[in-house]
Each structure stands twice: as C-alpha cells, then as structure tokens.
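> Dumping the structure here so I can ask a few things about it.
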Amino acid sequence: MSEEVDDEREFNYDVKDERGPHHWGNIKSEWSACSKGLMQSPIDLLNEKVQIVSHLGKIQMNYHPSNATLKNRGHDIKMDWLEDTSNIQINETQYELKHFHWHSPSEHTIDGKQMDLELHMMHETPSGEIAVIGILYKDGDPDRFLSSLRAHFEEISDGSGEQTEVGAMDPGLVKIDTSTAQYYRYIGSLTVPPCTENITWTILSEVRSVSSEQIELLRVAVHDESDNNARPVQPLNNRLVQLYKP
C-alpha cells in the first residue's frame, strides 16, 4: 500500500502555503498523483449527477473488538486497530480494517454542502487494495463513539507523535445499520499524500451528529494556521458516482 504520510512537517492544509494542498504534487515526485491524478478524492456528491442503483448490495461488515492505539499525527488523529479481527466485503473481496482517522470540516460534500466532521474507516487487502468507509457529521448532539475516547484524546493533544494505548475496543460501536444504510460509491484516491488512486470509496448518505467540543478535541492535532485538515474537493472527471438505495 502507498501508505498515508505520517510526518506533518512535509505538508499542510493552508491553501496559501507552498506546502498546502494545491502544491502537494510538487513536493515529492512520488506524490505527483496529488496534482496529476484524474481520480482524486474528495469529491462533491452532487445528487443530480448520481446514478441511483439497487444492485450494489448491503454493506457487508464483520467487526469485532481489537486492541487499539491513538496517535496524534500532527495533521490528524489516527486510531490503529492492532489485530485483523474486523473486515468488510465488497464484490467478493475481503478488506481488513486497519485504522480510523478524522477530518474537520468534512472533505466530501453533498450538493456543495460541507459538514463539520468526517470519519474515514480504512480497510486493506493483503495485496494492498484499499477500501474506505466515510461517515459525515454535523454539529449537534455528542457522538457516543467519540465520547468513549475523550480521555485518550486529551492524553495525546499536546503534540504530534504523541501516542496512547486504548486497549480493547469494538469498532462496531460506530453503529452502521447495514440492512438499511444508503451509501455513495465511487473510485477515488487517498485524500492525503501520496494521493494513491483506485481506492474504493463508500460514503454513508446519512449525516450524523457530533458536538462542537468533540470536533475541537480532534482539531487540536492540526498545528498549521489553517485550523482544518480537509483537502479541497477535486474534479470528478467523468467518474461514475452511484447511490445505493436498498
């Protein structure tokens, strides 16, 4: 897998900075997809361009508890699942759950509307194929999963590189009703360098709620002046975006 970059000093989210998102593709040759790729993420999920389908099928999730760690990567908070106890299945391919991380405000938009937070649930096959489930949140009631992690977030809020052991956690606490969930599906990229393409994206259409205090706890990780860690929306370039409705 072309791993997401962990070192915050190499890039940032300040659109006016030479290390900002418009220049990521020029910082390193191996990041060239960030500027030259034609299947980049995030995108605007524009409903008038979305193809509504029923054949994609319900999200097949098989989640079980695992020991986890939280790490402040400087540009975001990352939750690593240390054992391969959870997976999803897409088109008969099984992807193991590897980590969670959060972006604020959201990276994907719906009909041009940006939400307050976005969770990325990263999955990977042994051969390096990646599938991401994305969940969008708007400011409102606290999110129960984030509430359970509050003390751990506070432990690592002092600086990049800080890490703490969470112990056994169940990723299924991010409750997804797979029998009724509607979702967008498209092929895109990692939203941080090296912006690797051919990533299978599944974005839940239901927008959830998160408290402003929880957003603030996650934002503490971002150390540049832009006070956000959301990559700007990228061109669709004739890609097909489908909306699964059971």
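Chain identifiers are assigned as A, B, and so on, following the order in which chains appear in the structure tokens; residues are numbered from 1 within each chain, and ligands are numbered from 1 in order of appearance.
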Give me, as a list in words, the residues of segment 21-50 of chain A that a backbone DSSP run labels alpha helix (DSSP H).

Trp24, Gly25, Asn26, Ile27, Ala33, Cys34, Ser35 and Lys36 of chain A

> Please write the residues from the selection above to a file, keeping all heavy atoms, as a PDB file, in the first residue's frame.


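Full text of out.pdb as output:
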ATOM      1  N   TRP A  24       0.847  19.892  -3.108  1.00  0.00           N
ATOM      2  CA  TRP A  24       1.309  18.583  -2.646  1.00  0.00           C
ATOM      3  C   TRP A  24       2.011  17.792  -3.744  1.00  0.00           C
ATOM      4  O   TRP A  24       3.021  17.142  -3.496  1.00  0.00           O
ATOM      5  CB  TRP A  24       0.141  17.757  -2.120  1.00  0.00           C
ATOM      6  CG  TRP A  24      -0.453  18.247  -0.835  1.00  0.00           C
ATOM      7  CD1 TRP A  24       0.018  19.231  -0.020  1.00  0.00           C
ATOM      8  CD2 TRP A  24      -1.647  17.758  -0.209  1.00  0.00           C
ATOM      9  NE1 TRP A  24      -0.806  19.388   1.063  1.00  0.00           N
ATOM     10  CE2 TRP A  24      -1.839  18.501   0.986  1.00  0.00           C
ATOM     11  CE3 TRP A  24      -2.576  16.765  -0.530  1.00  0.00           C
ATOM     12  CZ2 TRP A  24      -2.913  18.267   1.841  1.00  0.00           C
ATOM     13  CZ3 TRP A  24      -3.647  16.546   0.310  1.00  0.00           C
ATOM     14  CH2 TRP A  24      -3.808  17.282   1.488  1.00  0.00           C
ATOM     15  N   GLY A  25       1.474  17.857  -4.955  1.00  0.00           N
ATOM     16  CA  GLY A  25       2.038  17.062  -6.045  1.00  0.00           C
ATOM     17  C   GLY A  25       3.426  17.489  -6.468  1.00  0.00           C
ATOM     18  O   GLY A  25       4.130  16.740  -7.157  1.00  0.00           O
ATOM     19  N   ASN A  26       3.850  18.685  -6.045  1.00  0.00           N
ATOM     20  CA  ASN A  26       5.181  19.185  -6.421  1.00  0.00           C
ATOM     21  C   ASN A  26       6.223  18.967  -5.329  1.00  0.00           C
ATOM     22  O   ASN A  26       7.416  19.172  -5.560  1.00  0.00           O
ATOM     23  CB  ASN A  26       5.112  20.692  -6.724  1.00  0.00           C
ATOM     24  CG  ASN A  26       4.071  21.015  -7.774  1.00  0.00           C
ATOM     25  OD1 ASN A  26       3.884  20.241  -8.713  1.00  0.00           O
ATOM     26  ND2 ASN A  26       3.380  22.131  -7.626  1.00  0.00           N
ATOM     27  N   ILE A  27       5.800  18.583  -4.139  1.00  0.00           N
ATOM     28  CA  ILE A  27       6.738  18.475  -3.021  1.00  0.00           C
ATOM     29  C   ILE A  27       7.674  17.288  -3.198  1.00  0.00           C
ATOM     30  O   ILE A  27       8.873  17.377  -2.952  1.00  0.00           O
ATOM     31  CB  ILE A  27       5.958  18.385  -1.684  1.00  0.00           C
ATOM     32  CG1 ILE A  27       5.176  19.684  -1.440  1.00  0.00           C
ATOM     33  CG2 ILE A  27       6.907  18.121  -0.515  1.00  0.00           C
ATOM     34  CD1 ILE A  27       4.253  19.648  -0.231  1.00  0.00           C
ATOM     35  N   ALA A  33       0.692  12.176  -8.067  1.00  0.00           N
ATOM     36  CA  ALA A  33      -0.736  11.921  -8.308  1.00  0.00           C
ATOM     37  C   ALA A  33      -1.605  12.995  -7.678  1.00  0.00           C
ATOM     38  O   ALA A  33      -2.721  13.254  -8.145  1.00  0.00           O
ATOM     39  CB  ALA A  33      -1.134  10.547  -7.759  1.00  0.00           C
ATOM     40  N   CYS A  34      -1.104  13.664  -6.629  1.00  0.00           N
ATOM     41  CA  CYS A  34      -1.896  14.703  -5.965  1.00  0.00           C
ATOM     42  C   CYS A  34      -2.255  15.834  -6.928  1.00  0.00           C
ATOM     43  O   CYS A  34      -3.287  16.483  -6.761  1.00  0.00           O
ATOM     44  CB  CYS A  34      -1.143  15.273  -4.769  1.00  0.00           C
ATOM     45  SG  CYS A  34      -0.765  14.084  -3.454  1.00  0.00           S
ATOM     46  N   SER A  35      -1.401  16.069  -7.927  1.00  0.00           N
ATOM     47  CA  SER A  35      -1.704  17.131  -8.891  1.00  0.00           C
ATOM     48  C   SER A  35      -2.034  16.596 -10.278  1.00  0.00           C
ATOM     49  O   SER A  35      -2.765  17.234 -11.026  1.00  0.00           O
ATOM     50  CB  SER A  35      -0.531  18.119  -8.995  1.00  0.00           C
ATOM     51  OG  SER A  35       0.643  17.448  -9.379  1.00  0.00           O
ATOM     52  N   LYS A  36      -1.532  15.405 -10.633  1.00  0.00           N
ATOM     53  CA  LYS A  36      -1.733  14.886 -11.987  1.00  0.00           C
ATOM     54  C   LYS A  36      -2.813  13.816 -12.074  1.00  0.00           C
ATOM     55  O   LYS A  36      -3.271  13.469 -13.161  1.00  0.00           O
ATOM     56  CB  LYS A  36      -0.416  14.310 -12.524  1.00  0.00           C
ATOM     57  CG  LYS A  36       0.652  15.375 -12.745  1.00  0.00           C
ATOM     58  CD  LYS A  36       1.936  14.766 -13.267  1.00  0.00           C
ATOM     59  CE  LYS A  36       3.012  15.838 -13.469  1.00  0.00           C
ATOM     60  NZ  LYS A  36       4.343  15.240 -13.641  1.00  0.00           N
TER      61      LYS A  36
END

> How close does each residue of segment 135-242 of chain A get to segment 67-73 of chain A, giving the shortest atom pair and distance in Å to one decimal for every residue with an atom at most 6 Å away, counting only C-alpha atoms, sorted by chain and residue number, as a tab-separated table?


residue	atom	partner	partner_atom	distance
A:Ser160	CA	A:Asn72	CA	5.0
A:Gly161	CA	A:Asn72	CA	5.4
A:Glu162	CA	A:Asn72	CA	5.4
A:Gln163	CA	A:Lys71	CA	4.3
A:Thr164	CA	A:Leu70	CA	5.4
A:Glu165	CA	A:Thr69	CA	4.4
A:Val166	CA	A:Thr69	CA	5.1
A:Gly167	CA	A:Asn67	CA	4.8
A:Ala168	CA	A:Asn67	CA	4.0

> For the residues selected in the previous step, produce a file with N, CA and C atoms as a PDB file, in the first residue's frame.


ATOM      1  N   SER A 160       2.362  16.462  18.039  1.00  0.00           N
ATOM      2  CA  SER A 160       2.411  15.379  17.068  1.00  0.00           C
ATOM      3  C   SER A 160       3.386  14.313  17.550  1.00  0.00           C
ATOM      4  N   GLY A 161       3.062  13.082  17.214  1.00  0.00           N
ATOM      5  CA  GLY A 161       3.882  11.959  17.631  1.00  0.00           C
ATOM      6  C   GLY A 161       3.420  11.349  18.941  1.00  0.00           C
ATOM      7  N   GLU A 162       2.571  12.065  19.685  1.00  0.00           N
ATOM      8  CA  GLU A 162       2.054  11.521  20.940  1.00  0.00           C
ATOM      9  C   GLU A 162       1.162  10.316  20.635  1.00  0.00           C
ATOM     10  N   GLN A 163       1.285   9.288  21.473  1.00  0.00           N
ATOM     11  CA  GLN A 163       0.528   8.068  21.240  1.00  0.00           C
ATOM     12  C   GLN A 163       0.064   7.506  22.569  1.00  0.00           C
ATOM     13  N   THR A 164      -1.079   6.855  22.569  1.00  0.00           N
ATOM     14  CA  THR A 164      -1.576   6.235  23.788  1.00  0.00           C
ATOM     15  C   THR A 164      -2.286   4.929  23.447  1.00  0.00           C
ATOM     16  N   GLU A 165      -2.201   3.975  24.361  1.00  0.00           N
ATOM     17  CA  GLU A 165      -2.897   2.702  24.176  1.00  0.00           C
ATOM     18  C   GLU A 165      -4.333   2.838  24.662  1.00  0.00           C
ATOM     19  N   VAL A 166      -5.259   2.398  23.838  1.00  0.00           N
ATOM     20  CA  VAL A 166      -6.672   2.479  24.168  1.00  0.00           C
ATOM     21  C   VAL A 166      -7.148   1.192  24.831  1.00  0.00           C
ATOM     22  N   GLY A 167      -6.467   0.084  24.529  1.00  0.00           N
ATOM     23  CA  GLY A 167      -6.931  -1.220  24.993  1.00  0.00           C
ATOM     24  C   GLY A 167      -7.954  -1.789  24.029  1.00  0.00           C
ATOM     25  N   ALA A 168      -8.711  -2.788  24.485  1.00  0.00           N
ATOM     26  CA  ALA A 168      -9.673  -3.445  23.601  1.00  0.00           C
ATOM     27  C   ALA A 168     -10.875  -2.538  23.351  1.00  0.00           C
TER      28      ALA A 168
END

> With DSSP run on the backbone, what are the strand (DSSP E) residues within segment 203-234 of chain A? I'd like them as an MDAnalysis selection string.

chainID A and resid 203:204 208:210

> May I have the residues from that selection written out with all heavy atoms, as a PDB file, in the first residue's frame?


ATOM      1  N   ILE A 203     -19.422   6.162   0.975  1.00  0.00           N
ATOM      2  CA  ILE A 203     -19.777   7.267   1.865  1.00  0.00           C
ATOM      3  C   ILE A 203     -21.234   7.111   2.272  1.00  0.00           C
ATOM      4  O   ILE A 203     -22.125   7.112   1.415  1.00  0.00           O
ATOM      5  CB  ILE A 203     -19.599   8.634   1.162  1.00  0.00           C
ATOM      6  CG1 ILE A 203     -18.217   8.763   0.518  1.00  0.00           C
ATOM      7  CG2 ILE A 203     -19.876   9.776   2.157  1.00  0.00           C
ATOM      8  CD1 ILE A 203     -17.097   9.064   1.456  1.00  0.00           C
ATOM      9  N   LEU A 204     -21.476   6.964   3.567  1.00  0.00           N
ATOM     10  CA  LEU A 204     -22.864   6.829   4.024  1.00  0.00           C
ATOM     11  C   LEU A 204     -23.620   8.118   3.736  1.00  0.00           C
ATOM     12  O   LEU A 204     -23.111   9.217   3.943  1.00  0.00           O
ATOM     13  CB  LEU A 204     -22.915   6.532   5.521  1.00  0.00           C
ATOM     14  CG  LEU A 204     -22.246   5.249   6.015  1.00  0.00           C
ATOM     15  CD1 LEU A 204     -22.626   4.975   7.464  1.00  0.00           C
ATOM     16  CD2 LEU A 204     -22.603   4.045   5.154  1.00  0.00           C
ATOM     17  N   ARG A 208     -24.550  12.240  10.444  1.00  0.00           N
ATOM     18  CA  ARG A 208     -24.714  12.027  11.879  1.00  0.00           C
ATOM     19  C   ARG A 208     -24.391  13.312  12.650  1.00  0.00           C
ATOM     20  O   ARG A 208     -23.975  14.304  12.067  1.00  0.00           O
ATOM     21  CB  ARG A 208     -23.801  10.898  12.337  1.00  0.00           C
ATOM     22  CG  ARG A 208     -24.080   9.613  11.576  1.00  0.00           C
ATOM     23  CD  ARG A 208     -23.352   8.457  12.177  1.00  0.00           C
ATOM     24  NE  ARG A 208     -23.693   7.222  11.491  1.00  0.00           N
ATOM     25  CZ  ARG A 208     -23.323   6.024  11.907  1.00  0.00           C
ATOM     26  NH1 ARG A 208     -22.600   5.902  13.002  1.00  0.00           N
ATOM     27  NH2 ARG A 208     -23.665   4.957  11.229  1.00  0.00           N
ATOM     28  N   SER A 209     -24.549  13.257  13.981  1.00  0.00           N
ATOM     29  CA  SER A 209     -24.264  14.452  14.775  1.00  0.00           C
ATOM     30  C   SER A 209     -23.048  14.241  15.665  1.00  0.00           C
ATOM     31  O   SER A 209     -22.751  13.115  16.098  1.00  0.00           O
ATOM     32  CB  SER A 209     -25.483  14.851  15.612  1.00  0.00           C
ATOM     33  OG  SER A 209     -25.636  13.975  16.702  1.00  0.00           O
ATOM     34  N   VAL A 210     -22.337  15.339  15.926  1.00  0.00           N
ATOM     35  CA  VAL A 210     -21.141  15.357  16.765  1.00  0.00           C
ATOM     36  C   VAL A 210     -21.152  16.696  17.491  1.00  0.00           C
ATOM     37  O   VAL A 210     -21.647  17.693  16.956  1.00  0.00           O
ATOM     38  CB  VAL A 210     -19.876  15.193  15.887  1.00  0.00           C
ATOM     39  CG1 VAL A 210     -19.725  16.334  14.898  1.00  0.00           C
ATOM     40  CG2 VAL A 210     -18.604  15.070  16.729  1.00  0.00           C
TER      41      VAL A 210
END

> Distance atom CA of Gln234 of chain A-atom CA of Leu38 of chain A, one decimal place?

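That distance, rounded to one decimal, is 9.0 Å.
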
> Taking 6 positions as the minimum chain separation for residues in the same chain, which residues sit within 12 Å of Ser106 of chain A when counting only C-alpha atoms? Answer as a PDB file with N, CA, C and O atoms, in the first residue's frame.


ATOM      1  N   SER A  41      -9.640  12.286  -4.683  1.00  0.00           N
ATOM      2  CA  SER A  41     -10.657  12.486  -3.639  1.00  0.00           C
ATOM      3  C   SER A  41     -10.203  13.615  -2.720  1.00  0.00           C
ATOM      4  O   SER A  41      -9.004  13.862  -2.605  1.00  0.00           O
ATOM      5  N   PRO A  42     -11.161  14.289  -2.073  1.00  0.00           N
ATOM      6  CA  PRO A  42     -12.601  14.058  -2.033  1.00  0.00           C
ATOM      7  C   PRO A  42     -13.297  14.672  -3.247  1.00  0.00           C
ATOM      8  O   PRO A  42     -12.674  15.389  -4.032  1.00  0.00           O
ATOM      9  N   ILE A  43     -14.603  14.392  -3.361  1.00  0.00           N
ATOM     10  CA  ILE A  43     -15.407  14.984  -4.430  1.00  0.00           C
ATOM     11  C   ILE A  43     -16.709  15.525  -3.821  1.00  0.00           C
ATOM     12  O   ILE A  43     -17.038  15.222  -2.675  1.00  0.00           O
ATOM     13  N   ASP A  44     -17.418  16.314  -4.618  1.00  0.00           N
ATOM     14  CA  ASP A  44     -18.764  16.727  -4.239  1.00  0.00           C
ATOM     15  C   ASP A  44     -19.733  15.660  -4.747  1.00  0.00           C
ATOM     16  O   ASP A  44     -19.724  15.308  -5.926  1.00  0.00           O
ATOM     17  N   GLY A 112     -22.654  20.314  -2.675  1.00  0.00           N
ATOM     18  CA  GLY A 112     -21.881  21.521  -2.365  1.00  0.00           C
ATOM     19  C   GLY A 112     -21.830  21.880  -0.897  1.00  0.00           C
ATOM     20  O   GLY A 112     -21.135  22.824  -0.515  1.00  0.00           O
ATOM     21  N   LYS A 113     -22.525  21.135  -0.043  1.00  0.00           N
ATOM     22  CA  LYS A 113     -22.573  21.469   1.384  1.00  0.00           C
ATOM     23  C   LYS A 113     -21.499  20.693   2.145  1.00  0.00           C
ATOM     24  O   LYS A 113     -21.462  19.466   2.090  1.00  0.00           O
ATOM     25  N   GLN A 114     -20.649  21.445   2.854  1.00  0.00           N
ATOM     26  CA  GLN A 114     -19.600  20.827   3.672  1.00  0.00           C
ATOM     27  C   GLN A 114     -20.120  20.619   5.090  1.00  0.00           C
ATOM     28  O   GLN A 114     -20.746  21.502   5.669  1.00  0.00           O
ATOM     29  N   MET A 115     -19.854  19.446   5.651  1.00  0.00           N
ATOM     30  CA  MET A 115     -20.281  19.131   7.017  1.00  0.00           C
ATOM     31  C   MET A 115     -19.151  19.507   7.980  1.00  0.00           C
ATOM     32  O   MET A 115     -18.108  20.014   7.589  1.00  0.00           O
ATOM     33  N   ASP A 116     -19.350  19.187   9.273  1.00  0.00           N
ATOM     34  CA  ASP A 116     -18.403  19.630  10.285  1.00  0.00           C
ATOM     35  C   ASP A 116     -17.284  18.637  10.570  1.00  0.00           C
ATOM     36  O   ASP A 116     -16.232  19.006  11.101  1.00  0.00           O
ATOM     37  N   LEU A 117     -17.508  17.358  10.228  1.00  0.00           N
ATOM     38  CA  LEU A 117     -16.517  16.328  10.542  1.00  0.00           C
ATOM     39  C   LEU A 117     -16.710  15.159   9.598  1.00  0.00           C
ATOM     40  O   LEU A 117     -17.820  14.922   9.101  1.00  0.00           O
ATOM     41  N   GLU A 118     -15.620  14.425   9.342  1.00  0.00           N
ATOM     42  CA  GLU A 118     -15.704  13.220   8.509  1.00  0.00           C
ATOM     43  C   GLU A 118     -14.781  12.162   9.093  1.00  0.00           C
ATOM     44  O   GLU A 118     -13.617  12.427   9.379  1.00  0.00           O
ATOM     45  N   LEU A 119     -15.326  10.974   9.285  1.00  0.00           N
ATOM     46  CA  LEU A 119     -14.557   9.817   9.743  1.00  0.00           C
ATOM     47  C   LEU A 119     -14.212   8.947   8.540  1.00  0.00           C
ATOM     48  O   LEU A 119     -15.080   8.651   7.723  1.00  0.00           O
ATOM     49  N   HIS A 120     -12.938   8.543   8.445  1.00  0.00           N
ATOM     50  CA  HIS A 120     -12.514   7.592   7.420  1.00  0.00           C
ATOM     51  C   HIS A 120     -12.119   6.275   8.092  1.00  0.00           C
ATOM     52  O   HIS A 120     -11.241   6.244   8.958  1.00  0.00           O
ATOM     53  N   GLY A 134     -16.652   6.201   4.613  1.00  0.00           N
ATOM     54  CA  GLY A 134     -16.661   7.556   5.134  1.00  0.00           C
ATOM     55  C   GLY A 134     -18.003   7.880   5.773  1.00  0.00           C
ATOM     56  O   GLY A 134     -19.057   7.496   5.252  1.00  0.00           O
ATOM     57  N   ILE A 135     -17.958   8.566   6.928  1.00  0.00           N
ATOM     58  CA  ILE A 135     -19.179   8.997   7.613  1.00  0.00           C
ATOM     59  C   ILE A 135     -19.080  10.497   7.865  1.00  0.00           C
ATOM     60  O   ILE A 135     -18.056  10.984   8.371  1.00  0.00           O
ATOM     61  N   LEU A 136     -20.133  11.227   7.492  1.00  0.00           N
ATOM     62  CA  LEU A 136     -20.173  12.678   7.661  1.00  0.00           C
ATOM     63  C   LEU A 136     -20.980  13.032   8.905  1.00  0.00           C
ATOM     64  O   LEU A 136     -21.958  12.364   9.235  1.00  0.00           O
ATOM     65  N   TYR A 137     -20.540  14.104   9.590  1.00  0.00           N
ATOM     66  CA  TYR A 137     -21.193  14.546  10.820  1.00  0.00           C
ATOM     67  C   TYR A 137     -21.443  16.046  10.761  1.00  0.00           C
ATOM     68  O   TYR A 137     -20.629  16.794  10.204  1.00  0.00           O
ATOM     69  N   LYS A 138     -22.543  16.486  11.391  1.00  0.00           N
ATOM     70  CA  LYS A 138     -22.778  17.914  11.565  1.00  0.00           C
ATOM     71  C   LYS A 138     -22.889  18.228  13.054  1.00  0.00           C
ATOM     72  O   LYS A 138     -23.224  17.350  13.867  1.00  0.00           O
ATOM     73  N   ASP A 139     -22.622  19.475  13.404  1.00  0.00           N
ATOM     74  CA  ASP A 139     -22.619  19.923  14.791  1.00  0.00           C
ATOM     75  C   ASP A 139     -23.990  19.688  15.426  1.00  0.00           C
ATOM     76  O   ASP A 139     -25.017  20.063  14.871  1.00  0.00           O
ATOM     77  N   THR A 191      -6.869  10.916   0.449  1.00  0.00           N
ATOM     78  CA  THR A 191      -7.034  12.371   0.469  1.00  0.00           C
ATOM     79  C   THR A 191      -5.830  13.075   1.097  1.00  0.00           C
ATOM     80  O   THR A 191      -5.862  14.277   1.316  1.00  0.00           O
ATOM     81  N   ILE A 203     -19.422   6.162   0.975  1.00  0.00           N
ATOM     82  CA  ILE A 203     -19.777   7.267   1.865  1.00  0.00           C
ATOM     83  C   ILE A 203     -21.234   7.111   2.272  1.00  0.00           C
ATOM     84  O   ILE A 203     -22.125   7.112   1.415  1.00  0.00           O
ATOM     85  N   VAL A 207     -26.212  11.741   7.443  1.00  0.00           N
ATOM     86  CA  VAL A 207     -25.293  12.618   8.160  1.00  0.00           C
ATOM     87  C   VAL A 207     -25.589  12.495   9.657  1.00  0.00           C
ATOM     88  O   VAL A 207     -26.730  12.624  10.089  1.00  0.00           O
ATOM     89  N   ARG A 208     -24.550  12.240  10.444  1.00  0.00           N
ATOM     90  CA  ARG A 208     -24.714  12.027  11.879  1.00  0.00           C
ATOM     91  C   ARG A 208     -24.391  13.312  12.650  1.00  0.00           C
ATOM     92  O   ARG A 208     -23.975  14.304  12.067  1.00  0.00           O
ATOM     93  N   ILE A 215     -15.418  18.005  18.174  1.00  0.00           N
ATOM     94  CA  ILE A 215     -14.684  18.489  16.998  1.00  0.00           C
ATOM     95  C   ILE A 215     -13.427  19.213  17.442  1.00  0.00           C
ATOM     96  O   ILE A 215     -12.336  19.025  16.878  1.00  0.00           O
ATOM     97  N   ASN A 228      -7.749  23.542   9.929  1.00  0.00           N
ATOM     98  CA  ASN A 228      -8.585  22.486   9.357  1.00  0.00           C
ATOM     99  C   ASN A 228      -7.667  21.423   8.781  1.00  0.00           C
ATOM    100  O   ASN A 228      -6.468  21.644   8.605  1.00  0.00           O
ATOM    101  N   ASN A 229      -8.205  20.262   8.519  1.00  0.00           N
ATOM    102  CA  ASN A 229      -7.417  19.228   7.839  1.00  0.00           C
ATOM    103  C   ASN A 229      -8.253  18.550   6.763  1.00  0.00           C
ATOM    104  O   ASN A 229      -8.282  17.339   6.633  1.00  0.00           O
ATOM    105  N   ALA A 230      -8.954  19.396   5.998  1.00  0.00           N
ATOM    106  CA  ALA A 230      -9.786  18.904   4.900  1.00  0.00           C
ATOM    107  C   ALA A 230      -9.180  19.324   3.567  1.00  0.00           C
ATOM    108  O   ALA A 230      -8.995  20.516   3.313  1.00  0.00           O
ATOM    109  N   ARG A 231      -8.898  18.345   2.735  1.00  0.00           N
ATOM    110  CA  ARG A 231      -8.420  18.650   1.385  1.00  0.00           C
ATOM    111  C   ARG A 231      -9.575  19.223   0.565  1.00  0.00           C
ATOM    112  O   ARG A 231     -10.704  18.740   0.659  1.00  0.00           O
ATOM    113  N   PRO A 232      -9.330  20.242  -0.254  1.00  0.00           N
ATOM    114  CA  PRO A 232     -10.402  20.783  -1.102  1.00  0.00           C
ATOM    115  C   PRO A 232     -10.963  19.719  -2.053  1.00  0.00           C
ATOM    116  O   PRO A 232     -10.273  18.765  -2.421  1.00  0.00           O
ATOM    117  N   VAL A 233     -12.220  19.913  -2.451  1.00  0.00           N
ATOM    118  CA  VAL A 233     -12.897  18.999  -3.380  1.00  0.00           C
ATOM    119  C   VAL A 233     -12.144  18.964  -4.712  1.00  0.00           C
ATOM    120  O   VAL A 233     -11.656  19.984  -5.194  1.00  0.00           O
TER     121      VAL A 233
END

> Determine the nearest neighbour of Ile199 of chain A from the options A:Pro246, A:Gly128, A:Gly172, A:Pro235, counting only C-alpha atoms.

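With only C-alpha atoms as the atom set, the closest residue is A:Gly128.
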
> Tell me which of A:Met121, A:Leu46, A:Ala181, A:Cys195 sits closest to Lys58 of chain A, counting only C-alpha atoms.

A:Ala181

> With distances taken over only C-alpha atoms, which of A:Met79, A:Ile130, A:Val15, A:Ile88 is nearest to Asn62 of chain A?

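Ranked by minimum distance to Asn62 of chain A, first place goes to A:Ile88.
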